[in-house]
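*Asks:* For reference, the structure I am asking about is given below.
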2 protein chains.
Amino acid sequence: MGLDKSVNEGRLYRLGVNLPEAAARAESLVTPCGPCRVRPLAICSALTGEEIQHLAAAVKSTHLVAGQSLFNEGDPATRVFVVTAGTLRLCKLLADGRRQVTGFLTVSDFLGLANGETYAYSAEAVSNASLCQFYKNELRALLDRFPQMERELFSEANNELAVAQEQMLVLGCKFAIERLSSFLLMLWEKAIRQGLPTDPLVLAMGRPDIGDYLGLSTETVSRTFSELRQEGVISLDSPARVRMLDIDRLRDIAAGLR
Amino acid sequence: MGLDKSVNEGRLYRLGVNLPEAAARAESLVTPCGPCRVRPLAICSALTGEEIQHLAAAVKSTHLVAGQSLFNEGDPATRVFVVTAGTLRLCKLLADGRRQVTGFLTVSDFLGLANGETYAYSAEAVSNASLCQFYKNELRALLDRFPQMERELFSEANNELAVAQEQMLVLGCKFAIERLSSFLLMLWEKAIRQGLPTDPLVLAMGRPDIGDYLGLSTETVSRTFSELRQEGVISLDSPARVRMLDIDRLRDIAAGLR
DNA sequence: CGCTACGTTGAGAACAATCAACCCCGGTGG
DNA sequence: CCACCGGGGTTGATTGTTCTCAACGTAGCG
């Protein structure tokens with residue numbers, strides 16, 4: 001993020017592509033990797049100089065428009081990806097339509113590794129997004145050739161595991177206002193890490209996505225935003241632009257301190 | 001499990017050890033690894049013949065009595081473990097005492113890997129338990145020497161990630177009866193995988209642990225057991241011994257199909 | 001300039017938490 | 001041997017938080 005504005009704000013249509021499906025199939029060109037702005041952040045940072053050539057030979061670029069699905073729960077798990085622009089959500093569904101968003105992915109995040117034959121979740125674009133794509137068997141060869149890359153991925157998996165456990169704490173123990181505070185805090189810290197603006201903090205996802213991530217209805221999310229606003233903890237320039245007026249208090253609320 | 005009865009049913013005292021703390025410090029003897037019953041299941045299966053010698057040189061054995069803590073959230077993360085007997089729980093706490101159990105570990109499960117300086121959760125014995133212990137820096141050396149072991153661990157981390165995402169679905173979307181059904185189903189499938197008895201299925205953990213794992217109060221867990229019993233889906237020989245009378249129906253309930 | 005998707009707010013219903021009483025069992029000590 | 005005690009589990013009554021249903025406002029897009 002902090003990358004292509006046209007990619008992040010729903011204007012890919014203007015590039016001459018009008019249908020989501022078309023946009024997806026359109027760009028599958030081999031990218032050079034060399035000038036890649038994302039590499040220093042992503043697992044590719046494990047590689048140096050000419051090693052990047054091996055990578056570039058195996059990678060393809062993909063674009064998604066907001067709302068478009070990258071793959072669905074149950075699809076054969078043949079490809080893995082690195083996000084280069086935009087935001088994705090990972091979702092799991094119940095038969096009657098209840099949905100859990102298990103995470104949001106942004107620039108440099110890796111996705112697609114599944115131990116089984118099929119993906120255990122679907123991946124969808126929240127905003128327009130771009131990704132680098134490898135085939136899973138090619139990845140295996142790359143990892144055997146570059147052990148440092150496997151270490152990088154392993155470390156990344158451990159991070160995600162810690163994040164998932166933190167999210168279980170949120171979903172299992174916390175009240176609505178504590179959940180939303182935890183979420184805003186997480187976005188705020190990620191924005192700082194990535195050098196993105198924090199005042200206001202720009203939310204890529206809407207109330208329904210936030211609700212399904214936090215185990216709350218959209219109405220409760222909306223009410224809870226209002227509550228935080230009335231308490232003077234945040235202010236809202238627009239539904240997607242949040243100003244953190246009192247981070248310390250937000251931290252206390254998120255931690256369950258009355 | 002299915003191992004030493006004396007280890008699983010609170011009788012370690014009879015071996016001459018009377019205090020939990022003493023039990024923990026008592027056995028830190030070098031184990032041979034060679035005759036290890038657990039190895040075929042655990043990450044150690046990545047090693048063959050003489051490689052095991054390297055492992056045996058680095059490993060120590062530890063025992064815990066029910067209720068005893070292995071390490072706490074925030075402790076320096078210096079050691080990693082493989083469970084060889086009994087059941088542990090991983091917990092995260094909020095300041096006011098609210099607790100989330102993020103998982104249960106049994107024979108052959110690995111724990112202790114943290115990317116940070118400290119553990120992000122505490123590990124406690126549900127029943128009496130035994131573990132093999134390595135120091136983290138020794139593990140790093142082992143992984144560099146035996147890449148297959150790192151692959152094994154990476155794969156294991158991916159499994160746990162998938163389990164964690166499934167648990168988010170449970171915590172974020174499901175009703176009490178669906179949560180408990182999902183939990184029983186998970187235990188049942190694990191028991192089958194490990195060749196343990198399933199009729200009755202023996203629960204190592206009590207109602208409070210189940211509640212904190214499922215984001216429910218102990219009272220609700222108890223009521224929901226009764227509900228499943230009244231519906232004829234399960235029967236209870238005792239609170240810890242469950243008979244699955246209608247697995248298909250249990251599956252439907254767990255999946256959210258009314 | 002309507003349409004649609006998103007967001008907000010209100011009122012009532014539903015699910016689970018809390019508070020409380022009780023049971024059962026195993027261990028302890030009189 | 002039996003009464004007492006304590007922990008775990010169950011069940012009931014009440015409270016509370018969040019969901020659902022509904023109305024309304026707003027902004028972007030055709």
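How things are named: the first chain in the structure tokens is A, the next is B, and so on; residues count from 1 in each chain; ligands count from 1 in the order shown.
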So that each row is one residue of chain B with an atom at most 10 Å from chain A, can you give its shortest atom pair and the distance in Å to one decimal, using only C-alpha atoms, rows by chain and rising number, as JSON lines?
*Replies:*
{"residue": "B:Leu90", "atom": "CA", "partner": "A:Gln165", "partner_atom": "CA", "distance": 9.7}
{"residue": "B:Cys91", "atom": "CA", "partner": "A:Leu169", "partner_atom": "CA", "distance": 9.0}
{"residue": "B:Lys92", "atom": "CA", "partner": "A:Leu169", "partner_atom": "CA", "distance": 6.8}
{"residue": "B:Leu93", "atom": "CA", "partner": "A:Leu169", "partner_atom": "CA", "distance": 8.0}
{"residue": "B:Leu94", "atom": "CA", "partner": "A:Gly256", "partner_atom": "CA", "distance": 6.6}
{"residue": "B:Ala95", "atom": "CA", "partner": "A:Gly256", "partner_atom": "CA", "distance": 6.7}
{"residue": "B:Asp96", "atom": "CA", "partner": "A:Gly256", "partner_atom": "CA", "distance": 7.2}
{"residue": "B:Gly97", "atom": "CA", "partner": "A:Gly256", "partner_atom": "CA", "distance": 9.7}
{"residue": "B:Arg98", "atom": "CA", "partner": "A:Cys173", "partner_atom": "CA", "distance": 6.4}
{"residue": "B:Arg99", "atom": "CA", "partner": "A:Cys173", "partner_atom": "CA", "distance": 6.9}
{"residue": "B:Gln100", "atom": "CA", "partner": "A:Leu169", "partner_atom": "CA", "distance": 5.4}
{"residue": "B:Val101", "atom": "CA", "partner": "A:Leu169", "partner_atom": "CA", "distance": 8.2}
{"residue": "B:Thr102", "atom": "CA", "partner": "A:Gln165", "partner_atom": "CA", "distance": 6.1}
{"residue": "B:Gly103", "atom": "CA", "partner": "A:Gln165", "partner_atom": "CA", "distance": 9.0}
{"residue": "B:Leu113", "atom": "CA", "partner": "A:Asn158", "partner_atom": "CA", "distance": 7.5}
{"residue": "B:Ala114", "atom": "CA", "partner": "A:Asn158", "partner_atom": "CA", "distance": 6.9}
{"residue": "B:Asn115", "atom": "CA", "partner": "A:Asn159", "partner_atom": "CA", "distance": 6.7}
{"residue": "B:Gly116", "atom": "CA", "partner": "A:Asn159", "partner_atom": "CA", "distance": 9.0}
{"residue": "B:Tyr119", "atom": "CA", "partner": "A:Ala162", "partner_atom": "CA", "distance": 9.8}
{"residue": "B:Ala120", "atom": "CA", "partner": "A:Ala162", "partner_atom": "CA", "distance": 7.2}
{"residue": "B:Tyr121", "atom": "CA", "partner": "A:Gln165", "partner_atom": "CA", "distance": 8.7}
{"residue": "B:Leu143", "atom": "CA", "partner": "A:Arg151", "partner_atom": "CA", "distance": 9.7}
{"residue": "B:Asp144", "atom": "CA", "partner": "A:Pro147", "partner_atom": "CA", "distance": 9.1}
{"residue": "B:Pro147", "atom": "CA", "partner": "A:Pro147", "partner_atom": "CA", "distance": 8.0}
{"residue": "B:Glu150", "atom": "CA", "partner": "A:Arg151", "partner_atom": "CA", "distance": 8.0}
{"residue": "B:Arg151", "atom": "CA", "partner": "A:Glu150", "partner_atom": "CA", "distance": 8.0}
{"residue": "B:Leu153", "atom": "CA", "partner": "A:Phe154", "partner_atom": "CA", "distance": 8.1}
{"residue": "B:Phe154", "atom": "CA", "partner": "A:Phe154", "partner_atom": "CA", "distance": 5.4}
{"residue": "B:Ser155", "atom": "CA", "partner": "A:Asn115", "partner_atom": "CA", "distance": 6.8}
{"residue": "B:Glu156", "atom": "CA", "partner": "A:Asn115", "partner_atom": "CA", "distance": 8.9}
{"residue": "B:Ala157", "atom": "CA", "partner": "A:Ala157", "partner_atom": "CA", "distance": 6.5}
{"residue": "B:Asn158", "atom": "CA", "partner": "A:Ala157", "partner_atom": "CA", "distance": 6.7}
{"residue": "B:Asn159", "atom": "CA", "partner": "A:Asn115", "partner_atom": "CA", "distance": 6.7}
{"residue": "B:Glu160", "atom": "CA", "partner": "A:Leu161", "partner_atom": "CA", "distance": 7.4}
{"residue": "B:Leu161", "atom": "CA", "partner": "A:Leu161", "partner_atom": "CA", "distance": 5.6}
{"residue": "B:Ala162", "atom": "CA", "partner": "A:Ala120", "partner_atom": "CA", "distance": 7.2}
{"residue": "B:Val163", "atom": "CA", "partner": "A:Ala164", "partner_atom": "CA", "distance": 9.9}
{"residue": "B:Ala164", "atom": "CA", "partner": "A:Ala164", "partner_atom": "CA", "distance": 6.2}
{"residue": "B:Gln165", "atom": "CA", "partner": "A:Thr102", "partner_atom": "CA", "distance": 6.1}
{"residue": "B:Glu166", "atom": "CA", "partner": "A:Lys92", "partner_atom": "CA", "distance": 8.1}
{"residue": "B:Gln167", "atom": "CA", "partner": "A:Met168", "partner_atom": "CA", "distance": 7.5}
{"residue": "B:Met168", "atom": "CA", "partner": "A:Met168", "partner_atom": "CA", "distance": 6.1}
{"residue": "B:Leu169", "atom": "CA", "partner": "A:Gln100", "partner_atom": "CA", "distance": 5.4}
{"residue": "B:Val170", "atom": "CA", "partner": "A:Gln100", "partner_atom": "CA", "distance": 8.8}
{"residue": "B:Leu171", "atom": "CA", "partner": "A:Leu171", "partner_atom": "CA", "distance": 5.7}
{"residue": "B:Gly172", "atom": "CA", "partner": "A:Gly215", "partner_atom": "CA", "distance": 4.2}
{"residue": "B:Cys173", "atom": "CA", "partner": "A:Gly215", "partner_atom": "CA", "distance": 6.3}
{"residue": "B:Lys174", "atom": "CA", "partner": "A:Arg98", "partner_atom": "CA", "distance": 8.5}
{"residue": "B:Gly211", "atom": "CA", "partner": "A:Gly172", "partner_atom": "CA", "distance": 9.6}
{"residue": "B:Asp212", "atom": "CA", "partner": "A:Gly172", "partner_atom": "CA", "distance": 7.5}
{"residue": "B:Tyr213", "atom": "CA", "partner": "A:Gly172", "partner_atom": "CA", "distance": 7.7}
{"residue": "B:Leu214", "atom": "CA", "partner": "A:Gly172", "partner_atom": "CA", "distance": 6.8}
{"residue": "B:Gly215", "atom": "CA", "partner": "A:Gly172", "partner_atom": "CA", "distance": 4.2}
{"residue": "B:Leu216", "atom": "CA", "partner": "A:Gly172", "partner_atom": "CA", "distance": 7.7}
{"residue": "B:Ala254", "atom": "CA", "partner": "A:Leu94", "partner_atom": "CA", "distance": 9.8}
{"residue": "B:Ala255", "atom": "CA", "partner": "A:Leu94", "partner_atom": "CA", "distance": 6.6}
{"residue": "B:Gly256", "atom": "CA", "partner": "A:Leu94", "partner_atom": "CA", "distance": 6.6}
{"residue": "B:Leu257", "atom": "CA", "partner": "A:Ala95", "partner_atom": "CA", "distance": 6.9}
{"residue": "B:Arg258", "atom": "CA", "partner": "A:Asp96", "partner_atom": "CA", "distance": 9.3}
*Asks:* Mind writing the picked residues with C-alpha atoms as a short mmCIF file (atom, residue, chain, number, x, y, z; two decimals), in the first residue's frame?
*Replies:*
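Writing done, so here's selection-v8.cif:
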data_model
loop_
_atom_site.label_atom_id
_atom_site.label_comp_id
_atom_site.auth_asym_id
_atom_site.auth_seq_id
_atom_site.Cartn_x
_atom_site.Cartn_y
_atom_site.Cartn_z
CA LEU B 90 -2.42 -23.27 25.74
CA CYS B 91 -4.01 -20.16 27.30
CA LYS B 92 -4.08 -16.43 26.90
CA LEU B 93 -5.37 -14.17 29.67
CA LEU B 94 -6.94 -10.73 29.94
CA ALA B 95 -6.17 -8.45 32.87
CA ASP B 96 -9.48 -9.18 34.62
CA GLY B 97 -9.07 -12.94 34.44
CA ARG B 98 -10.98 -13.74 31.28
CA ARG B 99 -9.20 -16.67 29.68
CA GLN B 100 -9.00 -18.11 26.18
CA VAL B 101 -7.75 -21.64 25.72
CA THR B 102 -6.28 -21.52 22.21
CA GLY B 103 -5.64 -25.23 21.92
CA LEU B 113 8.13 -21.85 18.92
CA ALA B 114 7.75 -18.12 19.21
CA ASN B 115 9.21 -15.56 16.85
CA GLY B 116 9.51 -13.02 19.66
CA TYR B 119 6.04 -16.88 24.82
CA ALA B 120 2.76 -15.37 23.65
CA TYR B 121 0.70 -17.85 25.68
CA LEU B 143 17.15 -27.61 11.80
CA ASP B 144 20.13 -26.30 9.84
CA PRO B 147 16.43 -29.60 6.58
CA GLU B 150 12.42 -27.91 9.25
CA ARG B 151 10.04 -28.99 6.48
CA LEU B 153 7.89 -28.29 11.40
CA PHE B 154 6.76 -25.93 8.66
CA SER B 155 4.11 -28.38 7.57
CA GLU B 156 3.04 -28.77 11.17
CA ALA B 157 2.77 -24.99 11.56
CA ASN B 158 0.56 -24.86 8.49
CA ASN B 159 -1.68 -27.52 9.97
CA GLU B 160 -2.02 -25.59 13.19
CA LEU B 161 -2.82 -22.47 11.20
CA ALA B 162 -5.66 -24.27 9.45
CA VAL B 163 -6.93 -25.54 12.80
CA ALA B 164 -6.76 -22.01 14.21
CA GLN B 165 -8.78 -20.65 11.29
CA GLU B 166 -11.38 -23.34 11.78
CA GLN B 167 -11.56 -22.36 15.44
CA MET B 168 -12.12 -18.71 14.44
CA LEU B 169 -15.13 -19.90 12.46
CA VAL B 170 -16.39 -21.68 15.57
CA LEU B 171 -15.83 -18.68 17.85
CA GLY B 172 -17.06 -16.03 15.44
CA CYS B 173 -20.11 -17.69 13.90
CA LYS B 174 -21.47 -20.66 15.78
CA GLY B 211 -15.81 -23.43 28.07
CA ASP B 212 -12.72 -21.27 27.75
CA TYR B 213 -11.78 -23.07 24.55
CA LEU B 214 -15.22 -22.54 23.00
CA GLY B 215 -15.87 -19.03 24.33
CA LEU B 216 -18.69 -20.24 26.60
CA ALA B 254 -21.56 -28.78 13.97
CA ALA B 255 -21.90 -27.60 10.37
CA GLY B 256 -24.83 -25.35 11.24
CA LEU B 257 -27.47 -27.41 9.44
CA ARG B 258 -30.63 -27.19 11.49
#
*Asks:* Output as a PyMOL selection string the set of chain B residues within 12 Å of chain D, with distances taken over only C-alpha atoms (C1' of nucleotides).
*Replies:* chain B and resi 173+205-209+218-227+238-240
*Asks:* Give me the residues within 12 Å of B:Ala191 as a list in words, counting only C-alpha atoms (C1' of nucleotides) and dropping any in the same chain fewer than 3 places off.
*Replies:*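 In the requested form, the answer reads Met1, Gly2, Thr106, Val107, Leu184, Leu185, Met186, Leu187, Trp188, Gln194, Gly195, Leu196, Pro197, Thr198, Asp199, Pro200, Leu201, Val202, Leu203 and Ala204 of chain B.
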*Asks:* May I have a table of the residues of chain C lying at most 12 Å from chain A, giving each one's closest pair of atoms and their distance in Å to one decimal, counting only C-alpha atoms (C1' of nucleotides), ordered by chain and ascending residue number, as JSON lines?
*Replies:*
{"residue": "C:DA5", "atom": "C1'", "partner": "A:Gly206", "partner_atom": "CA", "distance": 11.1}
{"residue": "C:DC6", "atom": "C1'", "partner": "A:Gly206", "partner_atom": "CA", "distance": 8.1}
{"residue": "C:DG7", "atom": "C1'", "partner": "A:Ser222", "partner_atom": "CA", "distance": 7.3}
{"residue": "C:DT8", "atom": "C1'", "partner": "A:Ser222", "partner_atom": "CA", "distance": 6.8}
{"residue": "C:DT9", "atom": "C1'", "partner": "A:Arg223", "partner_atom": "CA", "distance": 8.0}
{"residue": "C:DG10", "atom": "C1'", "partner": "A:Arg223", "partner_atom": "CA", "distance": 11.1}
{"residue": "C:DA17", "atom": "C1'", "partner": "A:Cys173", "partner_atom": "CA", "distance": 11.8}
*Asks:* Which residue gives the smallest distance to A:Pro40 among A:Ile177, A:Ser108, A:Phe81, A:Ala125, with only C-alpha atoms counted?
*Replies:*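 Closest to A:Pro40 of all the choices is A:Ser108.
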*Asks:* Just give me the gap between atom CA of B:Arg229 and atom CA of B:Leu245 in Å, one decimal is fine.
*Replies:* 9.2 Å
*Asks:* In Å, how far is it from atom CA of A:Gly74 to atom CA of A:Ser122?
*Replies:* 8.0 Å
*Asks:* Within 7 Å of B:Met244, counting only C-alpha atoms (C1' of nucleotides), which residues show up once you throw out same-chain ones fewer than 6 positions away? Write them as a VMD selection string, please.
*Replies:* chain B and resid 233 to 235
*Asks:* Please write the residues from the selection above to a file, keeping C-alpha atoms, as a PDB file, in the first residue's frame.
*Replies:*
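Dumped everything to selection-v2.pdb:
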ATOM      1  CA  VAL B 233     -27.032 -37.345  19.935  1.00  0.00           C
ATOM      2  CA  ILE B 234     -24.710 -38.394  22.758  1.00  0.00           C
ATOM      3  CA  SER B 235     -24.886 -40.145  26.112  1.00  0.00           C
TER       4      SER B 235
END
*Asks:* In Å, how far is it from atom CA of A:Gly34 to atom CA of A:Gln53?
*Replies:*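 Calculated distance between atom CA of A:Gly34 and atom CA of A:Gln53 is 8.2 Å.
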*Asks:* Using DSSP on the backbone coordinates, identify all residues within stretch 52-241 of chain A classified as alpha helix (DSSP H); present the result as a VMD selection string.
*Replies:* chain A and resid 52 to 58 136 to 145 147 to 173 176 to 193 207 to 214 218 to 230
*Asks:* Can you write just those residues out, C-alpha atoms, as a compact mmCIF listing (two decimals), in the first residue's frame?
*Replies:*
# COMPACT_ATOMS: atom_id res chain seq x y z
CA ILE A 52 16.01 -13.48 -8.42
CA GLN A 53 16.22 -14.65 -12.01
CA HIS A 54 15.05 -18.11 -11.02
CA LEU A 55 12.20 -16.49 -9.21
CA ALA A 56 11.26 -14.22 -12.10
CA ALA A 57 11.06 -17.20 -14.41
CA ALA A 58 8.41 -18.80 -12.26
CA LYS A 136 2.92 -24.78 -5.84
CA ASN A 137 5.24 -27.36 -7.37
CA GLU A 138 7.53 -24.60 -8.61
CA LEU A 139 7.56 -23.19 -5.09
CA ARG A 140 8.68 -26.54 -3.71
CA ALA A 141 11.65 -26.50 -6.09
CA LEU A 142 12.47 -22.92 -5.13
CA LEU A 143 12.37 -23.75 -1.42
CA ASP A 144 14.67 -26.73 -1.87
CA ARG A 145 17.08 -24.55 -3.82
CA PRO A 147 16.59 -22.89 2.19
CA GLN A 148 16.62 -19.33 3.49
CA MET A 149 13.32 -18.83 1.70
CA GLU A 150 11.80 -21.77 3.55
CA ARG A 151 13.02 -20.30 6.86
CA GLU A 152 11.42 -17.02 5.92
CA LEU A 153 8.13 -18.75 5.17
CA PHE A 154 8.29 -20.79 8.35
CA SER A 155 8.88 -17.68 10.39
CA GLU A 156 5.98 -16.01 8.61
CA ALA A 157 3.71 -18.98 9.38
CA ASN A 158 4.63 -18.69 13.04
CA ASN A 159 3.74 -15.02 13.00
CA GLU A 160 0.37 -15.77 11.47
CA LEU A 161 -0.19 -18.43 14.08
CA ALA A 162 0.43 -15.92 16.87
CA VAL A 163 -1.95 -13.47 15.18
CA ALA A 164 -4.58 -16.20 14.89
CA GLN A 165 -4.27 -17.01 18.59
CA GLU A 166 -4.64 -13.36 19.46
CA GLN A 167 -7.77 -13.28 17.32
CA MET A 168 -9.15 -16.29 19.21
CA LEU A 169 -8.75 -14.26 22.40
CA VAL A 170 -10.70 -11.45 20.75
CA LEU A 171 -13.48 -13.73 19.48
CA GLY A 172 -13.74 -15.88 22.57
CA CYS A 173 -13.45 -13.34 25.38
CA ALA A 176 -17.94 -5.58 21.08
CA ILE A 177 -16.19 -2.37 22.08
CA GLU A 178 -13.06 -4.28 23.06
CA ARG A 179 -13.09 -6.18 19.77
CA LEU A 180 -13.38 -3.06 17.66
CA SER A 181 -10.70 -1.30 19.70
CA SER A 182 -8.35 -4.26 19.24
CA PHE A 183 -9.04 -4.17 15.51
CA LEU A 184 -8.39 -0.45 15.13
CA LEU A 185 -5.22 -0.77 17.18
CA MET A 186 -4.02 -3.59 14.96
CA LEU A 187 -4.65 -1.55 11.80
CA TRP A 188 -2.94 1.46 13.38
CA GLU A 189 0.17 -0.52 14.26
CA LYS A 190 0.29 -2.12 10.84
CA ALA A 191 -0.04 1.31 9.21
CA ILE A 192 2.92 2.55 11.25
CA ARG A 193 5.02 -0.51 10.35
CA ARG A 207 -18.61 -2.58 8.07
CA PRO A 208 -19.76 -6.03 6.87
CA ASP A 209 -16.16 -7.23 6.53
CA ILE A 210 -15.20 -5.81 9.91
CA GLY A 211 -18.25 -7.44 11.45
CA ASP A 212 -17.49 -10.85 10.00
CA TYR A 213 -13.88 -10.51 11.11
CA LEU A 214 -14.84 -9.62 14.69
CA THR A 218 -22.69 -4.83 10.84
CA GLU A 219 -25.21 -3.00 13.02
CA THR A 220 -23.19 -3.69 16.14
CA VAL A 221 -19.99 -2.58 14.41
CA SER A 222 -21.68 0.65 13.40
CA ARG A 223 -23.10 1.24 16.88
CA THR A 224 -19.70 0.52 18.42
CA PHE A 225 -17.97 3.02 16.12
CA SER A 226 -20.52 5.56 17.32
CA GLU A 227 -19.87 4.62 20.93
CA LEU A 228 -16.11 5.11 20.56
CA ARG A 229 -16.81 8.43 18.86
CA GLN A 230 -19.15 9.60 21.62
*Asks:* Looking only at the backbone, which of the residues in stretch 3-236 of chain B does DSSP tag as strand (DSSP E), as an NGL selection string?
*Replies:* :B and (60-64 or 69-71 or 79-85 or 88-93 or 99-105 or 110-111 or 122-125 or 129-135 or 201-202 or 234-236)
*Asks:* For the residues in the current selection, export C-alpha atoms as a JSON list (two decimals), in the first residue's frame.
*Replies:*
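Output file result_17.json is given in full below:
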[["chain", "number", "residue", "atom", "x", "y", "z"],
["B", 60, "LYS", "CA", 15.79, -33.75, 28.14],
["B", 61, "SER", "CA", 12.66, -35.20, 29.64],
["B", 62, "THR", "CA", 10.20, -33.23, 31.78],
["B", 63, "HIS", "CA", 7.10, -34.22, 33.72],
["B", 64, "LEU", "CA", 4.14, -32.14, 34.84],
["B", 69, "SER", "CA", 2.31, -24.72, 34.39],
["B", 70, "LEU", "CA", 5.11, -25.45, 31.89],
["B", 71, "PHE", "CA", 5.69, -21.79, 31.09],
["B", 79, "ARG", "CA", 12.82, -23.89, 25.25],
["B", 80, "VAL", "CA", 10.72, -25.93, 22.84],
["B", 81, "PHE", "CA", 8.96, -29.21, 23.56],
["B", 82, "VAL", "CA", 7.39, -32.36, 22.18],
["B", 83, "VAL", "CA", 4.57, -33.87, 24.21],
["B", 84, "THR", "CA", 5.16, -37.56, 24.95],
["B", 85, "ALA", "CA", 2.22, -38.24, 27.30],
["B", 88, "LEU", "CA", -1.70, -29.70, 27.85],
["B", 89, "ARG", "CA", -3.67, -26.53, 27.25],
["B", 90, "LEU", "CA", -2.42, -23.27, 25.74],
["B", 91, "CYS", "CA", -4.01, -20.16, 27.30],
["B", 92, "LYS", "CA", -4.08, -16.43, 26.90],
["B", 93, "LEU", "CA", -5.37, -14.17, 29.67],
["B", 99, "ARG", "CA", -9.20, -16.67, 29.68],
["B", 100, "GLN", "CA", -9.00, -18.11, 26.18],
["B", 101, "VAL", "CA", -7.75, -21.64, 25.72],
["B", 102, "THR", "CA", -6.28, -21.52, 22.21],
["B", 103, "GLY", "CA", -5.64, -25.23, 21.92],
["B", 104, "PHE", "CA", -5.09, -28.62, 23.52],
["B", 105, "LEU", "CA", -1.91, -30.60, 22.90],
["B", 110, "PHE", "CA", 5.17, -29.72, 19.25],
["B", 111, "LEU", "CA", 5.10, -26.45, 21.19],
["B", 122, "SER", "CA", 1.06, -20.05, 28.73],
["B", 123, "ALA", "CA", 1.15, -23.84, 28.62],
["B", 124, "GLU", "CA", -0.40, -25.84, 31.46],
["B", 125, "ALA", "CA", -0.93, -29.53, 32.12],
["B", 129, "ALA", "CA", 2.01, -35.02, 31.24],
["B", 130, "SER", "CA", 5.51, -35.76, 29.97],
["B", 131, "LEU", "CA", 7.54, -33.84, 27.43],
["B", 132, "CYS", "CA", 10.88, -33.84, 25.64],
["B", 133, "GLN", "CA", 12.65, -30.53, 25.92],
["B", 134, "PHE", "CA", 15.19, -28.78, 23.67],
["B", 135, "TYR", "CA", 16.76, -25.41, 23.98],
["B", 201, "LEU", "CA", -14.64, -41.08, 24.13],
["B", 202, "VAL", "CA", -12.67, -39.98, 27.20],
["B", 234, "ILE", "CA", -24.71, -38.39, 22.76],
["B", 235, "SER", "CA", -24.89, -40.15, 26.11],
["B", 236, "LEU", "CA", -22.70, -39.59, 29.15]]
